[in-house]
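A short write-up of the structure that comes next.
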Amino acid sequence: MGSTGTGGTPGRRRAGDRWGGRTDRTDRRTDRVGAARRWSRRPAPTWLAALLALALVAAACGGGGDSDGGATGDEDAGDPTPGGRIVYGLEAETIDGWCLPEAQLAISGIMVATTIYDTLTRPNAEGEMEPWLAESVEPNEDHTQWTIRLREGVKFHDGSDLTAEVVKNNLDAYRGAYPARAPQLFIFVFQPIESVEVVDPLTVQVNLKQPWVSFDAALHGSGRVGIMAQAQLDDTRTCAENLIGTGPFRFVEWVPNQHLRAERFEDYWATDAAGNQLPYADEIEFRPIVEVDQRLNALQSGEINAMHTSDPQTIDELRDLDEAGEVNAFESSEFGEVSYVMLNSSKPPFDNITARRALAHALDFEEFNAILGAGILEQASGPFAPGNIGHLEDTGFPTYDPEEAERLVQEYEEETGRPLSFTYTTTQAQATLAQAQLLKEQAEEVGMEVEIIGVDQSTQIDSALQGDFEAIGWRNHPGGDPDGQYNWWKSGSPVNFGRFNDPEIDELLDRGRTTVEGREEIYEQLNERFAEQVWNIWIYYTPWTVATAPDVHGVPGEGPSAPEPFPGLATGHPVMYMWVEQ
Amino acid sequence: MRLILRRLVHLAVVLFLVTLFVALLTAMLPGDPVDAIAGFASEEQREALREELGLDDPVPVQYVRWMGDFVTGDLGGYYTVTGERPVMDRVRDSLPVSLQLMVYAQVLALAVAIPAGVLTAYRAGSRGDRIANATAFGMLAIPNFALALVLAYYVGVELGWLPVSGYVRPSEDLVEHLRRMAMPAISLAVGQIAVYMRLLRSDMIATLQEDFITMAKAKGVSPRRVLWRHALRPSSLTLLTVAGLNVGTLIGGAVVVEVIFSLPGIGLLLYEAIVSRQYVALQSLVAIIAVGYVLINFLVDVLYAVLDPRIRHARA
């Protein structure tokens, strides 16, 4: 829905509506930004998705969804006025802090990270990377060497300069080659790096062990790969809580579970597209308010003036409030994640396609959406959300057909001599348990037997890693280049949790990774192959909404080199463009 | 003195049993703390981390190590990949919040329940008594989290009287502090009010039948004085016992209420420690709660003697 701006109700705009058609945008941008052209067809790093998923699985598996974009009424709001204070209600606390190479950030953590830190690159309206803290990020011909040229005169919040040396140390820290830091996941993400060299005070050269066309996407890491000051990098004791970046706001205070405060960084290097100094607001305070109803209450009572949510009921409520002019709401499922039932194809019953097809036909999405999704969810027919390369409205994924499901259940039983019964593993959050319950009812209506296993988050991840499940509630594959999903789906990969072994998918993944032209078709084919083999039961594209008080604007902000912003919300949005009417 | 000594032994035994139980329980939990802190790290890294954090040691060894630290005032640290995160740092900030919440809830509950209990006992069977009883049952039936959400919406959003989330230290701004604690305290207190009122009412009714009350009345003592000076004190023993024991219920309720109102108290820490497999922190937090619980009930025992001279004399 949101990808091409099919519109929304008046007052609540979606991502596409505001910025016009995609093609126009692409043309404009690529004319202007040479670097962007390369990015458009480049695969994103595979492990990036792993990273994303880890954090998002942690936050996810529970929430609801939200969908496409709507603006905060910004076009009508006039020009941004500097000053004011943003108080932003987050869905969770980031209890392990922000020592970025070691941190495992979910959406709330990323919101804070992009407030304090800048990344070297950042996505534009099309999801393609452009230089941000870097002035340019250029590969050599065969993509085995990348040269990062930094902006001049950029200061960290502690007054130190952004230099090639600091950036090298940061990159070394992320890849596990800096003694003071002990990263985990980023070691895999940056595994292809052979060495990082300082060429001159503002130039870093990264030498790779192999061609890597999407290195610039890895440098963004969905906002997780911020550049920290040398002092924080070397802080072995309090790195997680003494945040020093070059970002739009300077860290002031963090009281866990209470608030994180930051103030406008006067020496911030960036301006908006019109040349105004960023950030607009004087102060920002993040407050973790775990209970979504309370987050909305706090917004309505004026205690906070911004919040995010992926809970469908709340999104539905926010739509009404937006229409009534009580809040500004921006909604997006573009570049989002897909919520699905992951099937373990390495053991019965889902090693059998008849069983997989039966379950797909048993799922009544209309009922699911009406009962649990407040009617706002967009049914997914594949892993790629709107906006992504490879997204298809209809992939041929089996639709709700209880008679066919019943027939397939019988067929399975005749074939194997066993009843079609399986366990469904889920986290114990209220929302996920309700989903599990409904899926169980729907599956049992067509003759299957389902046992729900409720576990906590760590156990759920453990079950997936160990393959100790038959079906499991999951949310993953956020937007970006589909090559980012390589390891999730490649045969034999340790994070191919569903353990399917599909030569056709392997071949498509490899081609997608190495081919420059025709990637769209490759990933569309891959999407259709998923549907044909029913490796997973896709349910919906997870929507997110950011809502603000009526006098707060600037979500989702601007792109790195143009006013058109990246429309996805699944990994947060930049707060430097948020402003309060003065 | 003997009483205090006995209580100290009691405290040590409770502490030992409770923490041992927690240690065994966490050992039985599926999952691994390393999953929570190091996610998809390689097997070698996980092993190294496990060894560094002492997670490879048998449960009794881990337990004895923790206990050794705890009794010397060291609450241990959160498991981290690098750096230090002492549990004490978090407890120092969180404990006062939970204590304030519980004290406010308890004071509020008693402040409403005592007059209501006394008056309904005095007018037992009257229409007012029946209304009060029905209200009490109603209050008992409302789960505190439901009340919290309803209050937050109507008082916080619709009426806009009180803030719905967050915490302010009393030293920062006392009025704002009380405003923010009001709804959480009410949510916790309402169920207690009903219990306390019903208890006090039935004890008072019994006391009012006693000879010394009849005697006082016969001597022409005013009904108010009879109620508040003569009858209330001997009727308060059960109430006091239950108020002490109820601290446990309050702690349980505080976990939920703290999450709903975003109060950074011990309840939130406990919840965090459980979901992120922070066993050392969990054990220390449970131990602190156990110590607090035993101490409060010890205080209650001492208060018995103050309230009822017969107990004092019997012990003597």
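Numbering starts fresh at 1 for the residues of each chain in the structure tokens, the chains themselves are lettered A, B, ... in the order given, and ligands are numbered from 1 as they appear.
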
With a cut-off of 9 Å, could you pull out the residues of chain A touching chain B and give me the nearest pair of atoms for each, distance in Å to one decimal, using only C-alpha atoms, ordered by chain and ascending number, as a tab-separated table?
```
residue	atom	partner	partner_atom	distance
A:Ala50	CA	B:Phe40	CA	8.5
A:Leu51	CA	B:Phe40	CA	8.6
A:Leu54	CA	B:Gly39	CA	7.0
A:Ala55	CA	B:Gly39	CA	8.8
A:Ile95	CA	B:Glu272	CA	8.4
A:Asp96	CA	B:Thr80	CA	7.9
A:Glu102	CA	B:Val81	CA	7.3
A:Ala103	CA	B:Ile37	CA	8.9
A:Gln104	CA	B:Gly39	CA	8.1
A:Ala180	CA	B:Thr82	CA	8.6
A:Arg181	CA	B:Thr82	CA	7.2
A:Ala182	CA	B:Val81	CA	6.7
A:Pro183	CA	B:Val81	CA	8.2
A:Gln184	CA	B:Ala41	CA	5.0
A:Leu185	CA	B:Ala41	CA	6.0
A:Ile187	CA	B:Ala41	CA	8.7
A:Phe188	CA	B:Ala41	CA	8.8
A:Asp235	CA	B:Gly83	CA	8.2
A:Thr236	CA	B:Gly83	CA	5.3
A:Arg237	CA	B:Gly83	CA	4.1
A:Thr238	CA	B:Gly83	CA	6.0
A:Cys239	CA	B:Gly83	CA	7.1
A:Ala240	CA	B:Gly83	CA	7.9
A:Val255	CA	B:Asp93	CA	8.6
A:Pro256	CA	B:Pro264	CA	7.4
A:Asn257	CA	B:Pro264	CA	5.3
A:Gln258	CA	B:Pro264	CA	5.9
A:His259	CA	B:Gly166	CA	8.4
A:Arg287	CA	B:Gly166	CA	8.0
A:Pro288	CA	B:Ser262	CA	7.3
A:Ile289	CA	B:Ser262	CA	5.7
A:Val290	CA	B:Val259	CA	6.8
A:Glu291	CA	B:Ile260	CA	5.7
A:Asp293	CA	B:Leu149	CA	7.8
A:Gln294	CA	B:Ile260	CA	6.8
A:Arg295	CA	B:Ser165	CA	8.2
A:Asn297	CA	B:Val157	CA	5.9
A:Ala298	CA	B:Val164	CA	5.9
A:Leu299	CA	B:Val157	CA	8.8
A:Gln300	CA	B:Val157	CA	6.1
A:Ser301	CA	B:Val157	CA	4.8
A:Gly302	CA	B:Val157	CA	8.6
A:Glu303	CA	B:Pro163	CA	6.8
A:Val455	CA	B:Pro30	CA	8.9
A:Asp456	CA	B:Val275	CA	7.0
A:Gln457	CA	B:Val275	CA	7.4
A:Ser458	CA	B:Ala36	CA	6.0
A:Thr459	CA	B:Gly31	CA	4.9
A:Gln460	CA	B:Gly31	CA	8.5
A:Ile461	CA	B:Asp35	CA	8.0
A:Asp462	CA	B:Gly31	CA	6.6
A:Ser463	CA	B:Gly31	CA	8.8
A:Leu465	CA	B:Phe40	CA	8.9
```

Query raised in the report: What's the 9 Å shell around B:Ser235, counting only C-alpha atoms, without same-chain residues fewer than 5 positions away, as a list in words?
Result: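 With the cut-off at 9 Å, the set is Leu200, Arg201, Ser202, Asp203, Met204, Ile205, Ala206 and Thr207 of chain B.
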
Query - Near-stretch 425-438 of chain A list (9 Å; only C-alpha atoms; drop same-chain fewer than 6 positions) as a ChimeraX atom specification - result: /A:61-64,311,367-368,371-372,451-457,459-460,463,469-474

Write the residues of the preceding selection, restricted to C-alpha atoms, as a PDB file, in the first residue's frame.
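Output file part_23.pdb is given in full below:
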```
ATOM      1  CA  CYS A  61       7.772 -11.071  18.104  1.00  0.00           C
ATOM      2  CA  GLY A  62       5.301  -9.270  20.230  1.00  0.00           C
ATOM      3  CA  GLY A  63       4.129  -6.136  18.752  1.00  0.00           C
ATOM      4  CA  GLY A  64       1.550  -5.399  16.281  1.00  0.00           C
ATOM      5  CA  ASP A 311       0.476  -1.861  17.825  1.00  0.00           C
ATOM      6  CA  GLU A 367     -10.446 -12.794  10.504  1.00  0.00           C
ATOM      7  CA  PHE A 368      -6.919 -12.323  11.821  1.00  0.00           C
ATOM      8  CA  ILE A 371      -9.716  -9.588  15.517  1.00  0.00           C
ATOM      9  CA  LEU A 372      -6.085  -8.748  16.144  1.00  0.00           C
ATOM     10  CA  GLU A 451       0.119 -27.145  20.695  1.00  0.00           C
ATOM     11  CA  ILE A 452       1.202 -23.645  21.716  1.00  0.00           C
ATOM     12  CA  ILE A 453       4.543 -23.352  23.494  1.00  0.00           C
ATOM     13  CA  GLY A 454       4.968 -20.000  25.240  1.00  0.00           C
ATOM     14  CA  VAL A 455       8.565 -19.032  25.927  1.00  0.00           C
ATOM     15  CA  ASP A 456      10.515 -15.884  26.708  1.00  0.00           C
ATOM     16  CA  GLN A 457      12.509 -13.957  24.149  1.00  0.00           C
ATOM     17  CA  THR A 459      14.472 -19.029  24.659  1.00  0.00           C
ATOM     18  CA  GLN A 460      12.663 -18.209  21.451  1.00  0.00           C
ATOM     19  CA  SER A 463      14.897 -22.462  19.812  1.00  0.00           C
ATOM     20  CA  PHE A 469      10.726 -25.919  16.862  1.00  0.00           C
ATOM     21  CA  GLU A 470       8.153 -26.955  14.301  1.00  0.00           C
ATOM     22  CA  ALA A 471       6.477 -23.598  13.733  1.00  0.00           C
ATOM     23  CA  ILE A 472       7.478 -20.357  15.412  1.00  0.00           C
ATOM     24  CA  GLY A 473       6.092 -16.805  15.417  1.00  0.00           C
ATOM     25  CA  TRP A 474       8.654 -14.491  13.841  1.00  0.00           C
TER      26      TRP A 474
END
```

Residues near B:Leu227, anyone? I mean within 10 Å using only C-alpha atoms, not counting same-chain ones fewer than 3 positions away, as an mmCIF file with N, CA and C atoms, in the first residue's frame.
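Okay, result-v3.cif is ready:
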```cif
data_model
loop_
_atom_site.group_PDB
_atom_site.id
_atom_site.type_symbol
_atom_site.label_atom_id
_atom_site.label_comp_id
_atom_site.auth_asym_id
_atom_site.auth_seq_id
_atom_site.Cartn_x
_atom_site.Cartn_y
_atom_site.Cartn_z
ATOM 1 N N VAL B 118 -13.815 1.692 61.396
ATOM 2 C CA VAL B 118 -14.345 2.041 62.716
ATOM 3 C C VAL B 118 -15.817 2.443 62.608
ATOM 4 N N LEU B 119 -16.093 3.308 61.637
ATOM 5 C CA LEU B 119 -17.466 3.812 61.512
ATOM 6 C C LEU B 119 -18.445 2.704 61.105
ATOM 7 N N ALA B 121 -18.154 -0.401 61.737
ATOM 8 C CA ALA B 121 -18.344 -1.300 62.878
ATOM 9 C C ALA B 121 -19.331 -0.682 63.872
ATOM 10 N N TYR B 122 -19.168 0.592 64.062
ATOM 11 C CA TYR B 122 -20.032 1.304 65.004
ATOM 12 C C TYR B 122 -21.473 1.288 64.525
ATOM 13 N N MET B 204 -13.454 -4.894 65.204
ATOM 14 C CA MET B 204 -14.071 -3.846 66.027
ATOM 15 C C MET B 204 -15.411 -4.318 66.567
ATOM 16 N N THR B 207 -14.722 -6.454 69.398
ATOM 17 C CA THR B 207 -14.224 -5.700 70.561
ATOM 18 C C THR B 207 -15.357 -4.937 71.238
ATOM 19 N N LEU B 208 -16.255 -4.393 70.412
ATOM 20 C CA LEU B 208 -17.335 -3.585 70.974
ATOM 21 C C LEU B 208 -18.285 -4.407 71.857
ATOM 22 N N ILE B 213 -15.668 -2.425 77.221
ATOM 23 C CA ILE B 213 -16.348 -1.384 76.432
ATOM 24 C C ILE B 213 -17.675 -1.031 77.112
ATOM 25 N N VAL B 221 -18.348 7.445 79.176
ATOM 26 C CA VAL B 221 -17.360 7.893 78.192
ATOM 27 C C VAL B 221 -18.071 8.114 76.851
ATOM 28 N N SER B 222 -17.694 9.173 76.143
ATOM 29 C CA SER B 222 -18.386 9.498 74.892
ATOM 30 C C SER B 222 -18.126 8.413 73.847
ATOM 31 N N PRO B 223 -19.113 8.176 72.954
ATOM 32 C CA PRO B 223 -18.947 7.116 71.940
ATOM 33 C C PRO B 223 -17.666 7.314 71.133
ATOM 34 N N ARG B 224 -17.342 8.566 70.824
ATOM 35 C CA ARG B 224 -16.152 8.805 70.016
ATOM 36 C C ARG B 224 -14.903 8.308 70.752
ATOM 37 N N HIS B 230 -10.566 3.347 73.177
ATOM 38 C CA HIS B 230 -10.701 2.065 73.876
ATOM 39 C C HIS B 230 -10.783 0.877 72.916
ATOM 40 N N ALA B 231 -11.519 1.045 71.854
ATOM 41 C CA ALA B 231 -11.791 -0.121 70.991
ATOM 42 C C ALA B 231 -10.784 -0.287 69.854
ATOM 43 N N LEU B 232 -10.298 0.830 69.316
ATOM 44 C CA LEU B 232 -9.470 0.726 68.119
ATOM 45 C C LEU B 232 -8.172 -0.037 68.376
ATOM 46 N N ARG B 233 -7.482 0.302 69.458
ATOM 47 C CA ARG B 233 -6.170 -0.297 69.688
ATOM 48 C C ARG B 233 -6.223 -1.818 69.770
#
```

Query raised in the report: So how far away is atom CA of A:Phe335 from atom CA of A:Pro478, in Å?
Result: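 Rounded to one decimal, the two atoms are 5.9 Å apart.
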
Query raised in the report: Could you name the residues that touch stretch 283-285 of chain A at 9 Å or less, counting only C-alpha atoms, but leaving out those on the same chain fewer than 5 positions away, as number ranges by chain?
Result: A: 83-89, 115, 249, 259-264, 304, 575

Residues from the last selection, C-alpha atoms, saved as a short mmCIF file (atom, residue, chain, number, x, y, z; two decimals), in the first residue's frame:
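That gives us again-v7.cif:
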```
data_model
loop_
_atom_site.label_atom_id
_atom_site.label_comp_id
_atom_site.auth_asym_id
_atom_site.auth_seq_id
_atom_site.Cartn_x
_atom_site.Cartn_y
_atom_site.Cartn_z
CA GLY A 83 13.67 26.09 19.61
CA GLY A 84 11.39 24.04 21.78
CA ARG A 85 11.61 20.67 23.38
CA ILE A 86 10.73 17.22 22.08
CA VAL A 87 9.69 14.61 24.61
CA TYR A 88 9.60 11.30 22.79
CA GLY A 89 7.90 8.19 24.24
CA THR A 115 20.21 11.46 17.89
CA PHE A 249 22.13 16.50 19.97
CA HIS A 259 14.70 9.34 30.65
CA LEU A 260 17.60 10.13 28.39
CA ARG A 261 18.14 13.83 27.85
CA ALA A 262 20.12 15.54 25.13
CA GLU A 263 20.51 19.17 24.13
CA ARG A 264 21.03 20.79 20.77
CA ILE A 304 5.16 13.84 25.84
CA VAL A 575 14.86 13.51 15.08
#
```

So which residues touch stretch 56-72 of chain B within 8 Å, counting only C-alpha atoms, skipping near sequence neighbours fewer than 6 positions away, as a short mmCIF file (atom, residue, chain, number, x, y, z; two decimals) with N, CA and C atoms, in the first residue's frame?
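Result went into selection_4.cif, see below:
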```
data_model
loop_
_atom_site.label_atom_id
_atom_site.label_comp_id
_atom_site.auth_asym_id
_atom_site.auth_seq_id
_atom_site.Cartn_x
_atom_site.Cartn_y
_atom_site.Cartn_z
N LEU B 20 18.42 -19.36 47.75
CA LEU B 20 18.77 -20.70 47.25
C LEU B 20 17.70 -21.16 46.26
N ALA B 23 18.13 -19.40 43.09
CA ALA B 23 19.28 -19.93 42.35
C ALA B 23 18.90 -21.23 41.64
N LEU B 24 18.17 -22.09 42.35
CA LEU B 24 17.77 -23.36 41.75
C LEU B 24 16.79 -23.15 40.61
N ALA B 27 18.44 -21.81 37.58
CA ALA B 27 19.25 -22.86 36.95
C ALA B 27 18.38 -23.77 36.10
N ARG B 50 31.25 -16.96 28.83
CA ARG B 50 30.67 -17.80 29.86
C ARG B 50 31.69 -18.03 30.99
N VAL B 280 22.70 -12.87 38.56
CA VAL B 280 23.31 -12.27 39.75
C VAL B 280 22.44 -11.11 40.24
N SER B 284 20.29 -10.81 43.79
CA SER B 284 20.49 -9.70 44.72
C SER B 284 19.18 -8.95 44.97
#
```

**Report entry** atom CA of A:Leu408 to atom CA of A:Glu445, straight-line distance in Å
**Finding:**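 Computing it gives 13.0 Å between the two atoms.
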
Residues of stretch 181-239 of chain B classed as alpha helix (DSSP H) by DSSP on the backbone are to be reported as a PDB file with C-alpha atoms, in the first residue's frame.
```
ATOM      1  CA  MET B 181       2.992   9.162  42.621  1.00  0.00           C
ATOM      2  CA  ALA B 182      -0.712   9.769  43.224  1.00  0.00           C
ATOM      3  CA  MET B 183      -2.224   7.487  40.608  1.00  0.00           C
ATOM      4  CA  PRO B 184       0.231   4.618  41.123  1.00  0.00           C
ATOM      5  CA  ALA B 185      -0.331   4.825  44.882  1.00  0.00           C
ATOM      6  CA  ILE B 186      -4.108   4.898  44.483  1.00  0.00           C
ATOM      7  CA  SER B 187      -3.983   1.926  42.099  1.00  0.00           C
ATOM      8  CA  LEU B 188      -2.078  -0.085  44.661  1.00  0.00           C
ATOM      9  CA  ALA B 189      -4.031   1.164  47.675  1.00  0.00           C
ATOM     10  CA  VAL B 190      -7.576   0.519  46.515  1.00  0.00           C
ATOM     11  CA  GLY B 191      -7.477  -3.255  46.910  1.00  0.00           C
ATOM     12  CA  GLN B 192      -5.784  -2.913  50.294  1.00  0.00           C
ATOM     13  CA  ILE B 193      -8.371  -0.430  51.543  1.00  0.00           C
ATOM     14  CA  ALA B 194     -11.075  -2.999  51.087  1.00  0.00           C
ATOM     15  CA  VAL B 195      -9.145  -5.723  52.891  1.00  0.00           C
ATOM     16  CA  TYR B 196      -8.135  -3.502  55.790  1.00  0.00           C
ATOM     17  CA  MET B 197     -11.572  -2.019  56.213  1.00  0.00           C
ATOM     18  CA  ARG B 198     -13.280  -5.412  56.312  1.00  0.00           C
ATOM     19  CA  LEU B 199     -10.748  -6.763  58.779  1.00  0.00           C
ATOM     20  CA  LEU B 200     -10.919  -3.829  61.108  1.00  0.00           C
ATOM     21  CA  ARG B 201     -14.699  -3.775  60.969  1.00  0.00           C
ATOM     22  CA  SER B 202     -15.090  -7.381  62.079  1.00  0.00           C
ATOM     23  CA  ASP B 203     -12.474  -7.050  64.821  1.00  0.00           C
ATOM     24  CA  MET B 204     -14.071  -3.846  66.027  1.00  0.00           C
ATOM     25  CA  ILE B 205     -17.497  -5.445  66.171  1.00  0.00           C
ATOM     26  CA  ALA B 206     -16.050  -8.186  68.344  1.00  0.00           C
ATOM     27  CA  THR B 207     -14.224  -5.700  70.561  1.00  0.00           C
ATOM     28  CA  LEU B 208     -17.335  -3.585  70.974  1.00  0.00           C
ATOM     29  CA  ASP B 211     -16.965  -6.093  78.906  1.00  0.00           C
ATOM     30  CA  PHE B 212     -14.479  -3.260  79.141  1.00  0.00           C
ATOM     31  CA  ILE B 213     -16.348  -1.384  76.432  1.00  0.00           C
ATOM     32  CA  THR B 214     -19.647  -1.862  78.196  1.00  0.00           C
ATOM     33  CA  MET B 215     -17.894  -0.664  81.314  1.00  0.00           C
ATOM     34  CA  ALA B 216     -16.552   2.421  79.558  1.00  0.00           C
ATOM     35  CA  LYS B 217     -19.960   3.210  78.138  1.00  0.00           C
ATOM     36  CA  ALA B 218     -21.522   2.746  81.574  1.00  0.00           C
ATOM     37  CA  PRO B 223     -18.947   7.116  71.940  1.00  0.00           C
ATOM     38  CA  ARG B 224     -16.152   8.805  70.016  1.00  0.00           C
ATOM     39  CA  ARG B 225     -13.675   8.223  72.817  1.00  0.00           C
ATOM     40  CA  LEU B 232      -9.470   0.726  68.119  1.00  0.00           C
ATOM     41  CA  ARG B 233      -6.170  -0.297  69.688  1.00  0.00           C
ATOM     42  CA  PRO B 234      -7.082  -3.848  70.687  1.00  0.00           C
ATOM     43  CA  SER B 235      -8.880  -4.283  67.352  1.00  0.00           C
ATOM     44  CA  SER B 236      -5.816  -3.317  65.304  1.00  0.00           C
ATOM     45  CA  LEU B 237      -3.743  -6.445  65.816  1.00  0.00           C
ATOM     46  CA  THR B 238      -5.084  -8.430  62.895  1.00  0.00           C
ATOM     47  CA  LEU B 239      -5.005  -5.331  60.743  1.00  0.00           C
TER      48      LEU B 239
END
```

Requested in this report: Kindly give the distance, in Å, that separates atom CA of A:Phe397 and atom CA of A:Asp364, rounded to a single decimal.
Outcome: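 It comes out at 13.2 Å.
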
Within 10 Å of A:Gly373, counting only C-alpha atoms, which residues show up once you throw out same-chain ones fewer than 3 positions away? Write them as a PDB file with C-alpha atoms, in the first residue's frame, please.
```
ATOM      1  CA  GLY A  64       1.550  -5.399  16.281  1.00  0.00           C
ATOM      2  CA  GLY A  65       2.181  -3.688  13.091  1.00  0.00           C
ATOM      3  CA  ASP A  66       1.648  -0.472  11.368  1.00  0.00           C
ATOM      4  CA  ASP A 311       0.476  -1.861  17.825  1.00  0.00           C
ATOM      5  CA  PRO A 312      -2.417  -2.096  15.334  1.00  0.00           C
ATOM      6  CA  GLN A 313      -5.111  -1.048  17.808  1.00  0.00           C
ATOM      7  CA  THR A 314      -3.139   2.031  18.754  1.00  0.00           C
ATOM      8  CA  ILE A 315      -2.383   2.840  15.143  1.00  0.00           C
ATOM      9  CA  ASP A 316      -6.089   2.639  14.408  1.00  0.00           C
ATOM     10  CA  PHE A 365      -6.238 -13.318   7.214  1.00  0.00           C
ATOM     11  CA  GLU A 366      -9.505 -11.366   7.143  1.00  0.00           C
ATOM     12  CA  GLU A 367     -10.446 -12.794  10.504  1.00  0.00           C
ATOM     13  CA  PHE A 368      -6.919 -12.323  11.821  1.00  0.00           C
ATOM     14  CA  ASN A 369      -6.908  -8.705  10.757  1.00  0.00           C
ATOM     15  CA  ALA A 370     -10.368  -8.015  12.133  1.00  0.00           C
ATOM     16  CA  ILE A 376      -5.478  -2.040   9.437  1.00  0.00           C
ATOM     17  CA  LEU A 377      -2.953  -4.717   8.546  1.00  0.00           C
ATOM     18  CA  GLU A 378      -1.794  -5.337   5.026  1.00  0.00           C
ATOM     19  CA  ALA A 431      -0.268  -9.827  21.490  1.00  0.00           C
ATOM     20  CA  GLN A 435      -2.010 -14.457  17.571  1.00  0.00           C
ATOM     21  CA  TYR A 540       1.426  -9.116   7.317  1.00  0.00           C
TER      22      TYR A 540
END
```
